[in-house]
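Engineer: Next comes the structure file final.cif, holding mmCIF, C-alpha atoms.
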data_work
#
loop_
_atom_site.label_atom_id
_atom_site.label_comp_id
_atom_site.auth_asym_id
_atom_site.auth_seq_id
_atom_site.Cartn_x
_atom_site.Cartn_y
_atom_site.Cartn_z
CA MET B 1 62.24 121.57 147.27
CA THR B 2 63.50 118.06 147.61
CA ILE B 3 67.06 116.97 148.41
CA ARG B 4 67.19 115.44 144.91
CA ASP B 5 66.30 118.84 143.40
CA LEU B 6 69.06 120.47 145.42
CA HIS B 7 71.62 118.09 144.01
CA GLU B 8 70.30 118.03 140.44
CA MET B 9 69.64 121.80 140.28
CA PRO B 10 67.16 121.64 137.38
CA TRP B 11 66.75 125.44 137.43
CA ILE B 12 70.45 126.08 136.70
CA GLY B 13 71.82 126.31 133.16
CA GLU B 14 69.55 128.67 131.26
CA ASP B 15 70.54 132.24 132.11
CA PRO B 16 73.84 133.24 133.77
CA VAL B 17 72.24 136.01 135.84
CA LEU B 18 69.58 133.71 137.26
CA ASP B 19 72.12 130.89 137.63
CA LEU B 20 74.22 132.98 140.00
CA ALA B 21 71.27 134.52 141.85
CA ASN B 22 69.74 131.10 142.42
CA THR B 23 72.71 129.68 144.32
CA VAL B 24 70.73 130.28 147.51
CA VAL B 25 67.63 128.22 148.29
CA VAL B 26 65.58 129.99 150.95
CA GLY B 27 64.34 127.89 153.86
CA ALA B 28 65.44 124.51 152.46
CA GLY B 29 68.18 123.75 154.97
CA PRO B 30 68.20 122.32 158.47
CA GLY B 31 65.88 124.23 160.78
CA ARG B 32 64.41 126.02 157.74
CA GLY B 33 67.71 127.81 157.16
CA ASP B 34 68.93 128.76 153.72
CA VAL B 35 71.09 126.49 151.59
CA ASP B 36 74.00 128.39 150.03
CA PHE B 37 75.67 126.49 147.20
CA LEU B 38 78.81 128.61 147.47
CA THR B 39 79.50 127.55 151.05
CA ASP B 40 79.34 123.82 150.30
CA ARG B 41 82.16 122.40 148.18
CA GLU B 42 80.01 119.62 146.66
CA LEU B 43 77.12 121.96 145.77
CA THR B 44 79.57 124.52 144.37
CA GLY B 45 81.05 121.84 142.12
CA ARG B 46 77.62 120.72 140.93
CA TRP B 47 76.62 124.33 140.27
CA ARG B 48 79.84 124.99 138.31
CA ALA B 49 79.13 121.92 136.14
CA ARG B 50 75.56 123.07 135.33
CA ALA B 51 76.04 126.86 135.00
CA ALA B 52 75.24 128.29 131.57
CA ASP B 53 78.34 130.52 131.42
CA ARG B 54 81.60 128.56 131.68
CA ARG B 55 83.67 131.71 132.35
CA LEU B 56 81.36 132.69 135.19
CA ALA B 57 81.52 129.19 136.66
CA ALA B 58 85.33 129.39 136.68
CA LEU B 59 85.47 132.48 138.94
CA SER B 60 86.65 132.08 142.51
CA VAL B 61 84.05 131.58 145.23
CA GLU B 62 84.93 135.03 146.63
CA GLU B 63 84.29 136.67 143.25
CA LEU B 64 81.04 134.73 142.83
CA GLU B 65 79.81 135.80 146.28
CA ARG B 66 80.60 139.46 145.54
CA LEU B 67 78.83 139.30 142.19
CA ARG B 68 75.90 137.39 143.64
CA GLY B 69 75.29 140.20 146.14
CA LEU B 70 75.02 142.71 143.29
CA VAL B 71 72.84 140.44 141.16
CA ARG B 72 70.46 139.51 143.98
CA GLY B 73 70.17 143.15 145.00
CA ALA B 74 69.22 144.11 141.45
CA LEU B 75 66.77 141.23 141.05
CA ASP B 76 65.17 141.91 144.46
CA ALA B 77 64.51 145.50 143.44
CA THR B 78 63.30 144.50 139.97
CA ALA B 79 60.99 141.74 141.26
CA GLY B 80 59.58 144.22 143.78
CA GLN B 81 59.16 146.81 141.00
CA ARG B 82 61.47 149.21 142.82
CA PRO B 83 64.34 151.17 141.29
CA LEU B 84 67.88 150.02 141.99
CA THR B 85 69.62 152.00 144.69
CA ASP B 86 72.10 154.62 143.47
CA SER B 87 74.97 152.63 144.97
CA LEU B 88 73.95 149.37 143.33
CA ARG B 89 73.28 151.00 139.97
CA THR B 90 76.66 152.78 140.10
CA ARG B 91 78.53 149.57 140.95
CA LEU B 92 76.83 147.56 138.19
CA ASN B 93 77.35 150.35 135.64
CA ALA B 94 81.05 150.62 136.49
CA LEU B 95 81.55 146.88 136.24
CA ALA B 96 79.54 146.55 133.02
CA ALA B 97 81.53 149.36 131.38
CA SER B 98 84.41 146.96 130.82
CA ALA B 99 82.20 144.57 128.81
CA PRO B 100 81.40 146.60 125.69
CA VAL B 101 79.11 145.47 122.93
CA VAL B 102 78.83 146.69 119.39
CA PHE B 103 75.91 146.58 117.04
CA ARG B 104 76.25 145.69 113.40
CA MET B 105 73.86 145.05 110.58
CA THR B 106 73.92 141.55 109.12
CA GLY B 107 73.76 140.76 105.39
CA ASP B 108 70.00 140.18 105.68
CA GLY B 109 69.44 143.63 107.20
CA LEU B 110 68.97 142.56 110.82
CA LEU B 111 70.64 144.17 113.82
CA GLU B 112 73.09 141.95 115.65
CA GLN B 113 74.76 142.58 119.00
CA GLN B 114 78.28 141.28 119.56
CA GLU B 115 80.24 141.21 122.80
CA GLN B 116 83.69 142.65 122.26
CA SER B 117 85.52 141.75 125.43
CA GLY B 118 85.37 141.91 129.19
CA GLY B 119 85.70 139.56 132.08
CA ALA B 120 82.96 137.21 133.17
CA ASP B 121 82.08 139.57 136.02
CA ALA B 122 81.69 142.54 133.67
CA VAL B 123 79.57 140.55 131.21
CA LEU B 124 77.36 139.33 134.07
CA ALA B 125 76.95 142.91 135.35
CA ARG B 126 75.88 144.03 131.86
CA ARG B 127 73.42 141.14 131.58
CA THR B 128 72.05 142.01 135.02
CA LEU B 129 71.46 145.61 133.93
CA VAL B 130 69.69 144.39 130.78
CA LEU B 131 67.45 142.13 132.87
CA ALA B 132 66.74 144.81 135.50
CA ALA B 133 66.08 147.66 133.07
CA GLY B 134 65.23 145.96 129.77
CA PRO B 135 61.97 144.70 128.34
CA ASP B 136 61.96 141.57 130.55
CA ARG B 137 62.07 143.54 133.81
CA LEU B 138 58.32 143.13 134.33
CA ARG B 139 58.72 139.35 134.07
CA VAL B 140 61.29 139.08 136.89
CA ARG B 141 59.75 137.34 139.92
CA ARG B 142 60.90 135.75 143.15
CA CYS B 143 59.13 132.53 144.07
CA PRO B 144 57.24 132.88 147.39
CA ALA B 145 56.81 129.12 147.89
CA PRO B 146 58.17 127.58 151.10
CA SER B 147 61.75 126.28 150.71
CA CYS B 148 62.38 128.15 147.46
CA GLY B 149 62.94 131.89 146.94
CA MET B 150 64.27 131.36 143.40
CA TYR B 151 64.28 134.16 140.85
CA PHE B 152 62.64 133.42 137.52
CA LEU B 153 61.20 135.03 134.42
CA ALA B 154 57.44 134.63 134.38
CA ARG B 155 56.01 133.07 131.24
CA ARG B 156 52.53 134.41 132.01
CA ARG B 157 51.40 137.65 133.60
CA ASP B 158 49.74 135.81 136.52
CA GLN B 159 52.57 133.32 137.16
CA ALA B 160 53.42 133.44 140.87
CA TRP B 161 55.67 130.40 141.36
CA CYS B 162 58.82 129.26 139.58
CA SER B 163 57.49 125.72 139.00
CA LEU B 164 54.42 123.53 139.36
CA GLY B 165 56.03 121.83 142.37
CA CYS B 166 56.40 125.15 144.17
CA GLY B 167 52.81 126.09 143.37
CA ASN B 168 51.56 122.78 144.75
CA ARG B 169 53.72 123.12 147.88
CA ALA B 170 52.50 126.69 148.49
CA ARG B 171 48.84 125.72 148.10
CA SER B 172 49.32 122.68 150.33
CA THR B 173 50.96 124.80 153.03
CA ARG B 174 48.06 127.29 152.90
CA ARG B 175 45.51 124.47 153.27
CA GLN B 176 47.17 122.71 156.21
CA PRO B 177 46.20 125.25 158.90
CA ARG B 178 42.56 125.24 157.73
CA GLU B 179 42.42 121.43 157.74
CA THR B 180 43.93 121.34 161.25
CA GLU B 181 41.36 123.90 162.50
CA ALA B 182 38.50 121.92 160.93
CA ARG B 183 39.53 118.77 162.82
CA ASN B 184 39.62 120.55 166.21
#
Can you turn what I pasted into structure tokens?

Structural biologist:
Amino acid sequence: MTIRDLHEMPWIGEDPVLDLANTVVVGAGPGRGDVDFLTDRELTGRWRARAADRRLAALSVEELERLRGLVRGALDATAGQRPLTDSLRTRLNALAASAPVVFRMTGDGLLEQQEQSGGADAVLARRTLVLAAGPDRLRVRRCPAPSCGMYFLARRRDQAWCSLGCGNRARSTRRQPRETEARN
């Protein structure tokens, strides 16, 4: 992950659940520490400008951090193909309960889902449950590349990295020790 990527955040703006979860870049900071967008005023502002859900982006940093903990917990379990803990599931269910949806049939006979109400936090909790337990749950991955750790939805069954850049960086990192050994 380059500094330019950190500031441009090309992975933000497609899905509100992933937008919030991906406000932490693992191992990209000084001394291989994590970069947390919500602890840096400039990065928080850039994230708010790019986030897909304007109501979510408007929440306070404290609310975003609380929600992010729930979302990342759910995505960690889902990416690891583990069930959500009872506590996490209960908290997400309770929060999502205040973001009801209704189904209606359109004039052309198709089923349509409409959100009725609920705060941004409740809507995000519902979307997190849909991602963790819905048909896309098997596509949820966490990128293992150095300086990444982003959550993503795999487009192919064998997709391991969130981007080509991460795949190249991971392969390069794996090769470096072998090349060093070969020279010695």

Engineer: Give me, as an mmCIF file with C-alpha atoms, in the coordinates of the input, all polymer residues having an atom no more than 8 Å from stretch 55-63 of chain B, counting only C-alpha atoms and skipping those fewer than 4 positions away in the same chain.

Structural biologist:
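The file below, out03.cif, is the result:
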data_model
loop_
_atom_site.group_PDB
_atom_site.id
_atom_site.type_symbol
_atom_site.label_atom_id
_atom_site.label_comp_id
_atom_site.auth_asym_id
_atom_site.auth_seq_id
_atom_site.Cartn_x
_atom_site.Cartn_y
_atom_site.Cartn_z
ATOM 1 C CA PRO B 16 73.840 133.240 133.770
ATOM 2 C CA LEU B 38 78.810 128.610 147.470
ATOM 3 C CA TRP B 47 76.620 124.330 140.270
ATOM 4 C CA ARG B 48 79.840 124.990 138.310
ATOM 5 C CA ALA B 49 79.130 121.920 136.140
ATOM 6 C CA ALA B 51 76.040 126.860 135.000
ATOM 7 C CA LEU B 67 78.830 139.300 142.190
ATOM 8 C CA ALA B 120 82.960 137.210 133.170
ATOM 9 C CA ASP B 121 82.080 139.570 136.020
ATOM 10 C CA LEU B 124 77.360 139.330 134.070
#

Engineer: Determine the residue membership of the PyMOL selection byres ((chain B and resi 29) around 12) for the file above and supply it as a PyMOL selection string.

Structural biologist: chain B and resi 1-3+6+24-28+30-37+146-148

Engineer: Find the distance between atom CA of B:Gly165 and atom CA of B:Gln81 and write it in Å to one decimal.

Structural biologist: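 These atoms are spaced 25.2 Å apart.
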
Engineer: With a distance cut-off of 7 Å and only C-alpha atoms, select the neighbouring residues of stretch 93-101 of chain B, excluding the residue or stretch itself and same-chain residues fewer than 3 positions from it, and output the selection as a ChimeraX atom specification.

Structural biologist: /B:89-90,113-119,122-123,125-126

Engineer: Can you list, as a PyMOL selection string, the residues that the PyMOL selection byres ((chain B and resi 130-142) around 6) selects here?

Structural biologist: chain B and resi 78-79+127-129+143+149-154

Engineer: For B:Asp40, which residue among B:Arg171, B:Arg91, B:Arg66, B:His7 is the nearest when counting all atoms listed in the file?

Structural biologist: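 Under the stated criterion, the closest residue is B:His7.
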
Engineer: Just give me the gap between atom CA of B:Pro10 and atom CA of B:Glu65 in Å, one decimal is fine.

Structural biologist: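 These atoms are spaced 21.0 Å apart.
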
Engineer: For a quick check of understanding, using only C-alpha atoms, which of B:Phe103, B:Trp11, B:Gly109, B:Leu70 has the smallest distance to B:Cys162?

Structural biologist: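 Looking only at the distances to B:Cys162, the closest residue turns out to be B:Trp11.
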
Engineer: Which residue, B:Leu43, B:Met105, B:Leu64, B:Val71, has the smallest gap to B:Val17 when you use all atoms listed in the file?

Structural biologist: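 Looking at the shortest contact to B:Val17, the residue is B:Val71.
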
Engineer: I'd like the interatomic distance between atom CA of B:Met9 and atom CA of B:Gly45, to a tenth of an Å.

Structural biologist: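 These two atoms are separated by 11.6 Å.
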
Engineer: Given all atoms listed in the file as the basis, pick out the residue of B:Arg50, B:Arg156, B:Leu92, B:Ser163 nearest to B:Gly69.

Structural biologist: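 Ranked by minimum distance to B:Gly69, first place goes to B:Leu92.
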
Engineer: Kindly compute an axis-aligned box around the listed atoms of stretch 9-27 of chain B, allowing 3 Å on each side, and express its centre and edge lengths in Å to one decimal as AutoDock Vina command-line options.

Structural biologist:
--center_x 69.3 --center_y 128.8 --center_z 142.6 --size_x 15.9 --size_y 20.4 --size_z 28.6

Engineer: Taking into account all atoms listed in the file, which residue in the set B:Asp108, B:Asp76, B:Asp86, B:Asp158 is nearest to B:Leu18?

Structural biologist: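 Selected residue with least distance to B:Leu18: B:Asp76.
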